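Each remark here refers to the structure printed beneath this line.
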There are 4 protein chains.
Amino acid sequence: MRRLCYVFALAMLCSPLCYASKVDTVEIPSAAMNKTYKAAIAFPDSYYKAKKNFPVLYLLHGGFGHFNDWLNKTPDKMLVRNLADQYNMIIVMPEGEIFSYYIDSPVDPNSKFETYIIKEVIPFIDSKYRTMKDKKGRVITGLSMGGYGSLYLSTSHPDLFAAAGSMSGALDPNMTTWNLTPERFNGLTKFLDKIMGPMTPDSYLPYSVVNMADQIRKNGLPIVMDIGVEDFLLEPNRELHRRLVYNHTLHDYTERPGGHTWEFWQDALPYQVLYFSKRLKANGVML
Amino acid sequence: MRRLCYVFALAMLCSPLCYASKVDTVEIPSAAMNKTYKAAIAFPDSYYKAKKNFPVLYLLHGGFGHFNDWLNKTPDKMLVRNLADQYNMIIVMPEGEIFSYYIDSPVDPNSKFETYIIKEVIPFIDSKYRTMKDKKGRVITGLSMGGYGSLYLSTSHPDLFAAAGSMSGALDPNMTTWNLTPERFNGLTKFLDKIMGPMTPDSYLPYSVVNMADQIRKNGLPIVMDIGVEDFLLEPNRELHRRLVYNHTLHDYTERPGGHTWEFWQDALPYQVLYFSKRLKANGVML
Amino acid sequence: MRRLCYVFALAMLCSPLCYASKVDTVEIPSAAMNKTYKAAIAFPDSYYKAKKNFPVLYLLHGGFGHFNDWLNKTPDKMLVRNLADQYNMIIVMPEGEIFSYYIDSPVDPNSKFETYIIKEVIPFIDSKYRTMKDKKGRVITGLSMGGYGSLYLSTSHPDLFAAAGSMSGALDPNMTTWNLTPERFNGLTKFLDKIMGPMTPDSYLPYSVVNMADQIRKNGLPIVMDIGVEDFLLEPNRELHRRLVYNHTLHDYTERPGGHTWEFWQDALPYQVLYFSKRLKANGVML
Amino acid sequence: MRRLCYVFALAMLCSPLCYASKVDTVEIPSAAMNKTYKAAIAFPDSYYKAKKNFPVLYLLHGGFGHFNDWLNKTPDKMLVRNLADQYNMIIVMPEGEIFSYYIDSPVDPNSKFETYIIKEVIPFIDSKYRTMKDKKGRVITGLSMGGYGSLYLSTSHPDLFAAAGSMSGALDPNMTTWNLTPERFNGLTKFLDKIMGPMTPDSYLPYSVVNMADQIRKNGLPIVMDIGVEDFLLEPNRELHRRLVYNHTLHDYTERPGGHTWEFWQDALPYQVLYFSKRLKANGVML
């Protein structure tokens with residue numbers, strides 16, 4: 001054992017050189033949308049060594065993004081792979097399309113990403129790979145629209161996840177709560193209108209995660225939120241945090257420097273994965 | 001290299017068994033106080049393998065504590081050692097005595113813990129061990145009174161530290177900002193009076209870290225703060241955060257579940273060390 | 001006209017001497033509760049001169065109070081009468097009993113104060129006196145439980161009021177949001193339990209005015225809130241204010257010095273009546 | 001007496017017709033600036049009847065305004081006169097010039113409006129008119145830059161005023177705390193630079209009223225603040241409020257609907273004058 005430890009220490013020192021996590025791109029069909037979307041999956045190196053089931057982190061992209069953003073757009077291209085390795089997690093990055101909001105759209109019958117993620121992606125992943133197949137070993141987070149998706153999906157399906165996170169989450173689709181210039185407001189309106197219908201003071205309320213604070217409390221799912229103090233989405237994030245403090249919901253809430261940028265998300269993700277690793281460890285499913 | 005990686009992966013899987021960080025207890029004399037105090041030092045296992053200089057984290061204890069609290073009082077007794085190992089840092093836990101507040105007391109000539117930490121402990125550590133000997137490789141944090149000490153000392157000596165943290169920091173010695181019952185207020189008064197003199201609305205102002213927000217901005221030192229939403233010190237922590245947001249100081253601020261407890265500090269410390277590791281990495285001094 | 005103005009100026013200068021508002025105590029029966037309760041009514045002096053219809057302010061008492069509190073407990077015993085005179089309003093102070101919360105109790109069939117105020121007191125007043133008989137001329141406010149009653153009743157019956165206020169409102173019956181010692185918490189629990197049933201995290205939600213922020217927005221009723229910064233009910237008041245800012249509801253919100261005291265309510269009431277007078281003036285019903 | 005009251009009641013009912021306050025425009029020379037500026041003074045009708053000394057409210061205009069704004073720009077042109085009549089106060093509206101900020105400019109020797117208001121305007125008014133000549137009967141407020149002026153002057157000269165107010169106060173000249181588009185930011189920069197010199201993170205600190213919170217506490221002067229929730233100056237106003245709550249300074253703070261507009265100031269002024277009338281009454285100087 002003692003010798004092994006020496007080697008271990010040596011290994012730690014050379015870790016930048018010997019990372020070995022692998023990323024696969026797979027196609028995950030959607031019967032609901034009659035279409036097939038790609039997804040990226042980062043496997044920890046240990047996945048190929050240990051014949052065990054691994055916890056899975058679902059990592060969602062933002063409103064103008066796609067499934068491979070988390071691999072291509074962070075300044076450090078190894079970020080997701082290194083985290084998969086470091087924490088012995090499978091990290092799944094599914095497709096959420098431009099402004100699907102990860103909901104089943106009430107106005108566009110061709111956009112059913114809630115059904116896709118919940119009924120199609122998760123079962124696909126669990127059937128193809130050595131995953132923990134219950135909520136104890138499944139967590140979810142995302143950036144911007146993906147932070148919304150993570151909290152919306154986990155609040156609507158609390159039986160599926162052990163914890164959920166949000167980074168710079170677009171938590172309230174009511175854009176009057178966003179800090180936007182009139183030009184940007186108008187520019188974004190058409191994207192949201194296409195997926196949720198015309199915005200009125202009431203119409204988007206049922207989709208606002210901010211308004212789900214009491215449901216989040218009832219579910220009891222651990223929540224972790226990160227937001228930049230220069231983000232145009234700061235206010236809805238603060239508002240959800242305040243409501244969760246007010247109703248005594250256990251959650252972690254962090255304000256960090258920065259805005260709605262990949263530098264911020266690269267900074268935030270390791271803290272969120274550390275948070276999830278603690279929940280998974282408490283559930284006895286961390287390797 | 002490939003074989004090494006296999007071994008590395010194996011080592012990761014057995015890491016709970018083969019931790020090897022070592023803790024020394026040393027005596028660090030104080031000429032200023034004509035007395036010698038003990039300190040605990042956690043060395044990463046790599047310290048004994050790599051003939052390099054290591055970054056140092058100074059980790060301060062709370063108002064009713066002593067140098068070895070961080071080793072004895074966390075539910076997981078391996079917490080500090082594992083972090084030293086994981087991040088290849090030396091973690092120094094010096095003595096701060098009961099309610100010294102880590103200042104040179106204006107009323108008790110025998111209590112000079114600012115001088116002790118700055119002029120005696122740090123030079124002692126740097127002279128005896130293979131440490132990074134400049135600010136790029138030195139960080140500091142602590143709990144409660146130790147959070148105060150960390151921010152007070154780093155704000156007063158910004159040339160010495162690369163970053164500073166606070167967990168549940170007693171950032172404002174003016175206890176009228178604490179959420180206390182009258183009984184606890186009165187019980188604590190005598191401890192603070194002994195070190196800072198009788199509290200008046202003005203007398204403690206020069207010692208309030210909350211009032212140093214503009215100095216913190218000028219120094220430009222990265223700051224990380226953690227506070228529990230049930231902590232009686234929540235308000236002063238929120239106030240410093242708000243002032244740092246207001247004056248555009250880069251800092252991370254997190255509210256988590258919990259109160260003024262070791263469970264909270266055990267939860268918070270790994271996030272703070274992750275924060276420091278990012279600063280140290282940016283400074284090019286992480287192993 | 002010029003002579004009249006001289007007299008007017010003279011009259012202003014002697015106004016403390018020549019106030020003439022009158023207070024009647026009447027009995028207003030409740031068929032719903034099979035009981036009769038007293039109410040106090042302050043009439044402006046002008047009521048006896050001008051054969052016009054007057055606007056009415058309903059002014060509710062607190063949890064341990066009765067209908068005549070507003071006349072007996074303010075340091076200045078003339079406060080309500082002077083305001084009636086100054087603004088040419090009838091001020092009605094109905095009975096709300098100990099901890100009725102101005103609701104129809106879901107557990108005590110003998111406590112139906114929502115029905116009483118809405119279906120019995122208001123029609124009684126409108127049938128006996130020269131009042132404006134529609135919402136344009138009717139406003140409501142109250143202190144503590146009466147602030148709750150005012151906002152709860154006006155939100156549930158927005159067709160009846162032109163504006164509503166709250167002073168130190170007990171806006172959320174979930175006492176875990178109040179800043180109480182355990183002793184006071186326990187002492188108050190039995191009063192709330194009797195009227196709303198046993199408190200659980202969910203049971204009181206439907207009664208929380210804080211959770212009615214979106215209904216308040218939809219109603220569009222002007223709202224005015226006053227709260228003391230030392231009040232144990234500060235947090236629920238701040239929370240409703242934040243939610244009303246967040247959802248863009250027009251309202252006035254003031255934090256003033258003081259706690260849950262008659263000095264505070266005496267200080268706050270004139271501002272609230274000034275607020276109401278502006279709404280009534282805008283409605284064209286101020287004399 | 002009884003007959004007088006009848007007449008009084010009648011007078012109240014006709015008050016819109018018989019207002020009689022008078023406004024004078026006077027020239028108040030400045031030796032410090034070697035120039036003469038106009039001021040408007042509203043006298044209550046009672047000034048001509050009662051041979052007494054009257055309290056004085058100094059009412060300051062905003063950054064792009066002049067002495068007669070408060071008479072010309074409120075939607076209700078009688079607002080200031082009616083308040084003078086209603087509360088038996090002299091209301092003085094001095095000149096503050098475009099962006100003088102009511103300070104003695106550190107960069108423009110020709111702009112000395114602190115000296116002007118304090119050493120020239122107040123003595124001029126007290127020497128020419130029947131005023132209360134000590135702090136007990138003198139109050140001050142203003143809008144935007146005038147709110148700044150009011151709090152800056154009263155904090156720097158606490159011996160001169162009984163209370164001070166701010167409406168939409170430009171309390172922090174550091175424009176990075178204002179919510180501005182880059183275009184507006186740049187447009188305003190040149191005005192501030194001319195009076196305070198080039199803005200750096202530190203240069204405007206000594207002029208920030210937000211940073212004077214501890215001095216305001218020490219002075220003990222009652223403070224009243226009004227701000228619109230859509231005002232670009234909301235954040236500095238909230239920040240000063242929070243600091244005054246934090247350090248236990250007695251003050252009234254109100255958030256109302258609206259932005260940086262004359263509708264807002266017309267709405268706010270009557271509340272502020274009511275506030276002042278209470279302080280003056282407590283000082284025994286209200287007629």
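Going by the structure tokens order, chains are called A, B, ..., each with residues numbered from 1, while ligands are numbered from 1 in the order shown.
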Write out as JSON, numbers by chain the residues lying within 9 Å of segment 121-137 of chain D, counting only C-alpha atoms and excluding same-chain residues fewer than 2 positions away.
{"D": [28, 29, 30, 39, 47, 51, 52, 53, 54, 55, 56, 57, 58, 90, 92, 94, 115, 116, 117, 118, 119, 139, 158, 159, 160, 161, 162, 163, 279, 280, 283, 284, 285, 286]}
Just N, CA, C and O atoms for this one: save the residues we selected as a compact mmCIF listing (two decimals), in the first residue's frame.
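Written file, again18.txt:
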```txt
# COMPACT_ATOMS: atom_id res chain seq x y z
N ILE D 28 -30.16 87.32 -4.53
CA ILE D 28 -29.30 87.09 -3.36
C ILE D 28 -27.86 87.07 -3.84
O ILE D 28 -27.44 86.17 -4.56
N PRO D 29 -27.13 88.12 -3.47
CA PRO D 29 -25.76 88.25 -3.98
C PRO D 29 -24.82 87.23 -3.36
O PRO D 29 -25.01 86.79 -2.22
N SER D 30 -23.80 86.85 -4.14
CA SER D 30 -22.75 85.99 -3.64
C SER D 30 -21.42 86.73 -3.70
O SER D 30 -20.89 86.98 -4.78
N ALA D 39 -33.57 83.94 -6.38
CA ALA D 39 -34.20 82.87 -5.60
C ALA D 39 -35.69 83.15 -5.56
O ALA D 39 -36.12 84.31 -5.66
N TYR D 47 -48.27 84.37 6.85
CA TYR D 47 -47.10 85.23 7.08
C TYR D 47 -47.53 86.68 7.19
O TYR D 47 -46.94 87.46 7.93
N LYS D 51 -47.78 88.08 13.22
CA LYS D 51 -46.48 88.75 13.38
C LYS D 51 -45.53 87.84 14.15
O LYS D 51 -45.03 88.17 15.21
N LYS D 52 -45.35 86.67 13.61
CA LYS D 52 -44.49 85.69 14.26
C LYS D 52 -43.34 85.34 13.33
O LYS D 52 -43.33 85.71 12.16
N ASN D 53 -42.39 84.55 13.89
CA ASN D 53 -41.31 84.02 13.05
C ASN D 53 -41.73 82.65 12.50
O ASN D 53 -42.34 81.85 13.21
N PHE D 54 -41.42 82.42 11.25
CA PHE D 54 -41.87 81.20 10.57
C PHE D 54 -40.70 80.25 10.32
O PHE D 54 -39.58 80.68 10.04
N PRO D 55 -41.00 78.95 10.36
CA PRO D 55 -39.97 77.98 9.95
C PRO D 55 -39.72 78.08 8.45
O PRO D 55 -40.59 78.53 7.70
N VAL D 56 -38.54 77.67 8.04
CA VAL D 56 -38.15 77.77 6.63
C VAL D 56 -37.73 76.40 6.10
O VAL D 56 -36.94 75.69 6.73
N LEU D 57 -38.27 76.09 4.94
CA LEU D 57 -37.83 74.91 4.18
C LEU D 57 -37.03 75.38 2.97
O LEU D 57 -37.56 76.13 2.14
N TYR D 58 -35.77 74.95 2.89
CA TYR D 58 -34.98 75.19 1.69
C TYR D 58 -35.21 74.02 0.72
O TYR D 58 -35.06 72.86 1.10
N ILE D 90 -42.30 79.09 5.33
CA ILE D 90 -41.67 79.78 4.21
C ILE D 90 -40.87 78.75 3.42
O ILE D 90 -40.13 77.96 4.02
N VAL D 92 -38.07 78.40 0.58
CA VAL D 92 -37.06 79.14 -0.18
C VAL D 92 -36.46 78.23 -1.26
O VAL D 92 -36.02 77.12 -0.96
N PRO D 94 -33.53 78.43 -3.71
CA PRO D 94 -32.36 79.19 -4.17
C PRO D 94 -31.82 78.64 -5.48
O PRO D 94 -32.18 77.54 -5.91
N THR D 115 -20.63 77.39 -0.05
CA THR D 115 -20.47 78.68 0.61
C THR D 115 -21.69 79.57 0.36
O THR D 115 -22.20 80.23 1.27
N TYR D 116 -22.17 79.55 -0.87
CA TYR D 116 -23.30 80.41 -1.22
C TYR D 116 -24.54 80.08 -0.37
O TYR D 116 -25.11 80.96 0.28
N ILE D 117 -24.92 78.82 -0.36
CA ILE D 117 -26.14 78.45 0.38
C ILE D 117 -25.95 78.69 1.88
O ILE D 117 -26.81 79.29 2.54
N ILE D 118 -24.82 78.24 2.40
CA ILE D 118 -24.63 78.24 3.85
C ILE D 118 -24.32 79.64 4.40
O ILE D 118 -24.90 80.07 5.40
N LYS D 119 -23.43 80.36 3.74
CA LYS D 119 -22.93 81.62 4.29
C LYS D 119 -23.62 82.84 3.71
O LYS D 119 -23.45 83.95 4.21
N VAL D 139 -35.29 73.50 7.80
CA VAL D 139 -35.16 72.17 7.19
C VAL D 139 -34.79 72.33 5.72
O VAL D 139 -34.92 73.42 5.15
N PRO D 158 -24.37 70.25 10.39
CA PRO D 158 -25.53 69.72 11.13
C PRO D 158 -26.08 70.70 12.15
O PRO D 158 -27.21 70.54 12.61
N ASP D 159 -25.30 71.72 12.48
CA ASP D 159 -25.74 72.73 13.44
C ASP D 159 -26.78 73.67 12.84
O ASP D 159 -27.36 74.48 13.54
N LEU D 160 -27.01 73.57 11.53
CA LEU D 160 -27.89 74.54 10.87
C LEU D 160 -29.30 74.03 10.61
O LEU D 160 -30.18 74.82 10.29
N PHE D 161 -29.53 72.70 10.68
CA PHE D 161 -30.80 72.16 10.23
C PHE D 161 -31.43 71.24 11.27
O PHE D 161 -30.74 70.54 12.01
N ALA D 162 -32.76 71.25 11.26
CA ALA D 162 -33.51 70.36 12.16
C ALA D 162 -33.78 69.01 11.53
O ALA D 162 -34.04 68.03 12.24
N ALA D 163 -33.74 68.94 10.21
CA ALA D 163 -34.00 67.69 9.48
C ALA D 163 -33.62 67.93 8.03
O ALA D 163 -33.54 69.08 7.58
N ARG D 279 -41.28 67.03 12.60
CA ARG D 279 -40.05 67.40 13.32
C ARG D 279 -40.19 68.82 13.90
O ARG D 279 -39.81 69.07 15.03
N LEU D 280 -40.74 69.73 13.08
CA LEU D 280 -40.88 71.11 13.53
C LEU D 280 -41.86 71.20 14.70
O LEU D 280 -41.65 71.95 15.65
N ASN D 283 -40.24 70.17 17.71
CA ASN D 283 -39.35 71.24 18.17
C ASN D 283 -40.11 72.44 18.71
O ASN D 283 -39.49 73.43 19.12
N GLY D 284 -41.43 72.37 18.64
CA GLY D 284 -42.24 73.47 19.18
C GLY D 284 -42.26 74.71 18.32
O GLY D 284 -42.57 75.80 18.82
N VAL D 285 -41.94 74.58 17.03
CA VAL D 285 -41.86 75.80 16.21
C VAL D 285 -42.92 75.86 15.11
O VAL D 285 -42.89 76.77 14.28
N MET D 286 -43.83 74.89 15.07
CA MET D 286 -44.89 74.96 14.07
C MET D 286 -45.96 75.93 14.54
O MET D 286 -46.38 75.89 15.69
```
Can you pull out every residue within 6 Å of segment 80-82 of chain C, counting only C-alpha atoms, but drop anything in the same chain fewer than 2 positions away, and send it as a ChimeraX atom specification?
/C:21,42,78,84-86
Generate a file of the selected residues that holds all heavy atoms, formatted as a PDB file, in the first residue's frame.
```
ATOM      1  N   SER C  21     -64.656  67.153  15.007  1.00  0.00           N
ATOM      2  CA  SER C  21     -65.105  65.854  14.526  1.00  0.00           C
ATOM      3  C   SER C  21     -65.763  65.104  15.667  1.00  0.00           C
ATOM      4  O   SER C  21     -65.446  65.305  16.833  1.00  0.00           O
ATOM      5  CB  SER C  21     -63.932  65.047  13.972  1.00  0.00           C
ATOM      6  OG  SER C  21     -63.415  64.192  14.939  1.00  0.00           O
ATOM      7  N   ALA C  42     -65.576  57.831  13.220  1.00  0.00           N
ATOM      8  CA  ALA C  42     -65.216  59.247  13.355  1.00  0.00           C
ATOM      9  C   ALA C  42     -65.741  59.999  12.134  1.00  0.00           C
ATOM     10  O   ALA C  42     -65.407  59.651  10.997  1.00  0.00           O
ATOM     11  CB  ALA C  42     -63.699  59.401  13.466  1.00  0.00           C
ATOM     12  N   MET C  78     -56.375  62.505  19.806  1.00  0.00           N
ATOM     13  CA  MET C  78     -57.153  63.187  18.769  1.00  0.00           C
ATOM     14  C   MET C  78     -56.737  62.764  17.363  1.00  0.00           C
ATOM     15  O   MET C  78     -57.283  63.264  16.375  1.00  0.00           O
ATOM     16  CB  MET C  78     -56.967  64.704  18.896  1.00  0.00           C
ATOM     17  CG  MET C  78     -57.606  65.310  20.122  1.00  0.00           C
ATOM     18  SD  MET C  78     -59.435  65.211  20.034  1.00  0.00           S
ATOM     19  CE  MET C  78     -59.752  63.868  21.190  1.00  0.00           C
ATOM     20  N   ALA C  84     -59.783  62.708  10.278  1.00  0.00           N
ATOM     21  CA  ALA C  84     -61.123  62.742   9.684  1.00  0.00           C
ATOM     22  C   ALA C  84     -61.478  64.171   9.278  1.00  0.00           C
ATOM     23  O   ALA C  84     -61.957  64.429   8.171  1.00  0.00           O
ATOM     24  CB  ALA C  84     -62.147  62.175  10.660  1.00  0.00           C
ATOM     25  N   ASP C  85     -61.222  65.110  10.185  1.00  0.00           N
ATOM     26  CA  ASP C  85     -61.491  66.525   9.900  1.00  0.00           C
ATOM     27  C   ASP C  85     -60.635  67.043   8.750  1.00  0.00           C
ATOM     28  O   ASP C  85     -61.135  67.681   7.824  1.00  0.00           O
ATOM     29  CB  ASP C  85     -61.153  67.357  11.145  1.00  0.00           C
ATOM     30  CG  ASP C  85     -62.387  67.610  11.980  1.00  0.00           C
ATOM     31  OD1 ASP C  85     -63.476  67.077  11.634  1.00  0.00           O
ATOM     32  OD2 ASP C  85     -62.277  68.319  12.992  1.00  0.00           O
ATOM     33  N   GLN C  86     -59.341  66.777   8.861  1.00  0.00           N
ATOM     34  CA  GLN C  86     -58.406  67.370   7.905  1.00  0.00           C
ATOM     35  C   GLN C  86     -58.702  66.911   6.479  1.00  0.00           C
ATOM     36  O   GLN C  86     -58.581  67.689   5.530  1.00  0.00           O
ATOM     37  CB  GLN C  86     -56.977  66.973   8.308  1.00  0.00           C
ATOM     38  CG  GLN C  86     -55.906  67.634   7.452  1.00  0.00           C
ATOM     39  CD  GLN C  86     -54.505  67.150   7.823  1.00  0.00           C
ATOM     40  OE1 GLN C  86     -54.305  66.480   8.835  1.00  0.00           O
ATOM     41  NE2 GLN C  86     -53.537  67.493   6.981  1.00  0.00           N
TER      42      GLN C  86
END
```
Do you know which residues are at most 9 Å from Arg256 of chain B counting only C-alpha atoms, after dropping those on the same chain fewer than 2 positions away, and could you put them as an mmCIF file with N, CA, C and O atoms, in the first residue's frame?
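Final file, result30.cif:
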```cif
data_model
loop_
_atom_site.group_PDB
_atom_site.id
_atom_site.type_symbol
_atom_site.label_atom_id
_atom_site.label_comp_id
_atom_site.auth_asym_id
_atom_site.auth_seq_id
_atom_site.Cartn_x
_atom_site.Cartn_y
_atom_site.Cartn_z
ATOM 1 N N LEU A 250 -33.350 24.611 1.835
ATOM 2 C CA LEU A 250 -31.899 24.431 1.853
ATOM 3 C C LEU A 250 -31.351 24.613 0.435
ATOM 4 O O LEU A 250 -31.786 23.929 -0.498
ATOM 5 N N HIS A 251 -30.430 25.531 0.275
ATOM 6 C CA HIS A 251 -29.821 25.734 -1.040
ATOM 7 C C HIS A 251 -28.549 26.542 -0.860
ATOM 8 O O HIS A 251 -28.375 27.254 0.124
ATOM 9 N N ASP A 252 -27.659 26.414 -1.843
ATOM 10 C CA ASP A 252 -26.438 27.233 -1.880
ATOM 11 C C ASP A 252 -26.603 28.279 -2.968
ATOM 12 O O ASP A 252 -27.042 27.969 -4.081
ATOM 13 N N TYR A 253 -26.226 29.501 -2.649
ATOM 14 C CA TYR A 253 -26.385 30.608 -3.595
ATOM 15 C C TYR A 253 -25.106 31.430 -3.608
ATOM 16 O O TYR A 253 -24.657 31.898 -2.563
ATOM 17 N N THR A 254 -24.538 31.601 -4.784
ATOM 18 C CA THR A 254 -23.279 32.331 -4.887
ATOM 19 C C THR A 254 -23.353 33.430 -5.926
ATOM 20 O O THR A 254 -23.824 33.205 -7.041
ATOM 21 N N ASP B 226 -18.073 33.035 2.803
ATOM 22 C CA ASP B 226 -19.150 32.065 2.986
ATOM 23 C C ASP B 226 -19.889 32.394 4.282
ATOM 24 O O ASP B 226 -19.248 32.653 5.302
ATOM 25 N N ILE B 227 -21.214 32.302 4.229
ATOM 26 C CA ILE B 227 -21.992 32.573 5.444
ATOM 27 C C ILE B 227 -23.256 31.714 5.408
ATOM 28 O O ILE B 227 -23.840 31.496 4.343
ATOM 29 N N GLY B 228 -23.664 31.240 6.581
ATOM 30 C CA GLY B 228 -24.886 30.442 6.677
ATOM 31 C C GLY B 228 -26.099 31.328 6.886
ATOM 32 O O GLY B 228 -26.033 32.331 7.594
ATOM 33 N N VAL B 229 -27.206 30.968 6.253
ATOM 34 C CA VAL B 229 -28.382 31.846 6.342
ATOM 35 C C VAL B 229 -29.015 31.823 7.730
ATOM 36 O O VAL B 229 -29.863 32.657 8.032
ATOM 37 N N GLU B 230 -28.604 30.876 8.575
ATOM 38 C CA GLU B 230 -29.108 30.897 9.958
ATOM 39 C C GLU B 230 -28.072 31.414 10.944
ATOM 40 O O GLU B 230 -28.263 31.322 12.158
ATOM 41 N N THR B 254 -21.034 33.600 -0.936
ATOM 42 C CA THR B 254 -21.969 32.480 -0.928
ATOM 43 C C THR B 254 -22.765 32.421 0.370
ATOM 44 O O THR B 254 -22.203 32.545 1.455
ATOM 45 N N GLY B 258 -27.510 26.548 7.095
ATOM 46 C CA GLY B 258 -26.808 26.291 8.333
ATOM 47 C C GLY B 258 -26.470 27.521 9.132
ATOM 48 O O GLY B 258 -26.702 28.653 8.696
ATOM 49 N N GLY B 259 -25.930 27.268 10.316
ATOM 50 C CA GLY B 259 -25.613 28.328 11.252
ATOM 51 C C GLY B 259 -24.134 28.361 11.583
ATOM 52 O O GLY B 259 -23.296 28.057 10.734
ATOM 53 N N PHE B 264 -21.157 23.491 9.215
ATOM 54 C CA PHE B 264 -21.071 24.522 8.192
ATOM 55 C C PHE B 264 -19.633 24.715 7.724
ATOM 56 O O PHE B 264 -19.355 24.802 6.517
ATOM 57 N N ALA B 268 -18.013 24.412 4.089
ATOM 58 C CA ALA B 268 -17.518 25.584 3.358
ATOM 59 C C ALA B 268 -16.049 25.463 2.963
ATOM 60 O O ALA B 268 -15.651 25.928 1.873
#
```
Among segment 165-214 of chain B, which residues carry a DSSP assignment of helix (DSSP H, G or I), reported as a PyMOL selection string?
chain B and resi 175-177+182-196+205-207+210-214
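Closest to chain C among A:Val23, A:Val245, A:Leu143, A:Met196 is A:Val245, based on only C-alpha atoms.
Shortest separation to chain B among A:Trp70, A:Trp262, A:Tyr101, A:Tyr246 occurs at residue A:Tyr246, atoms counted being only C-alpha atoms.
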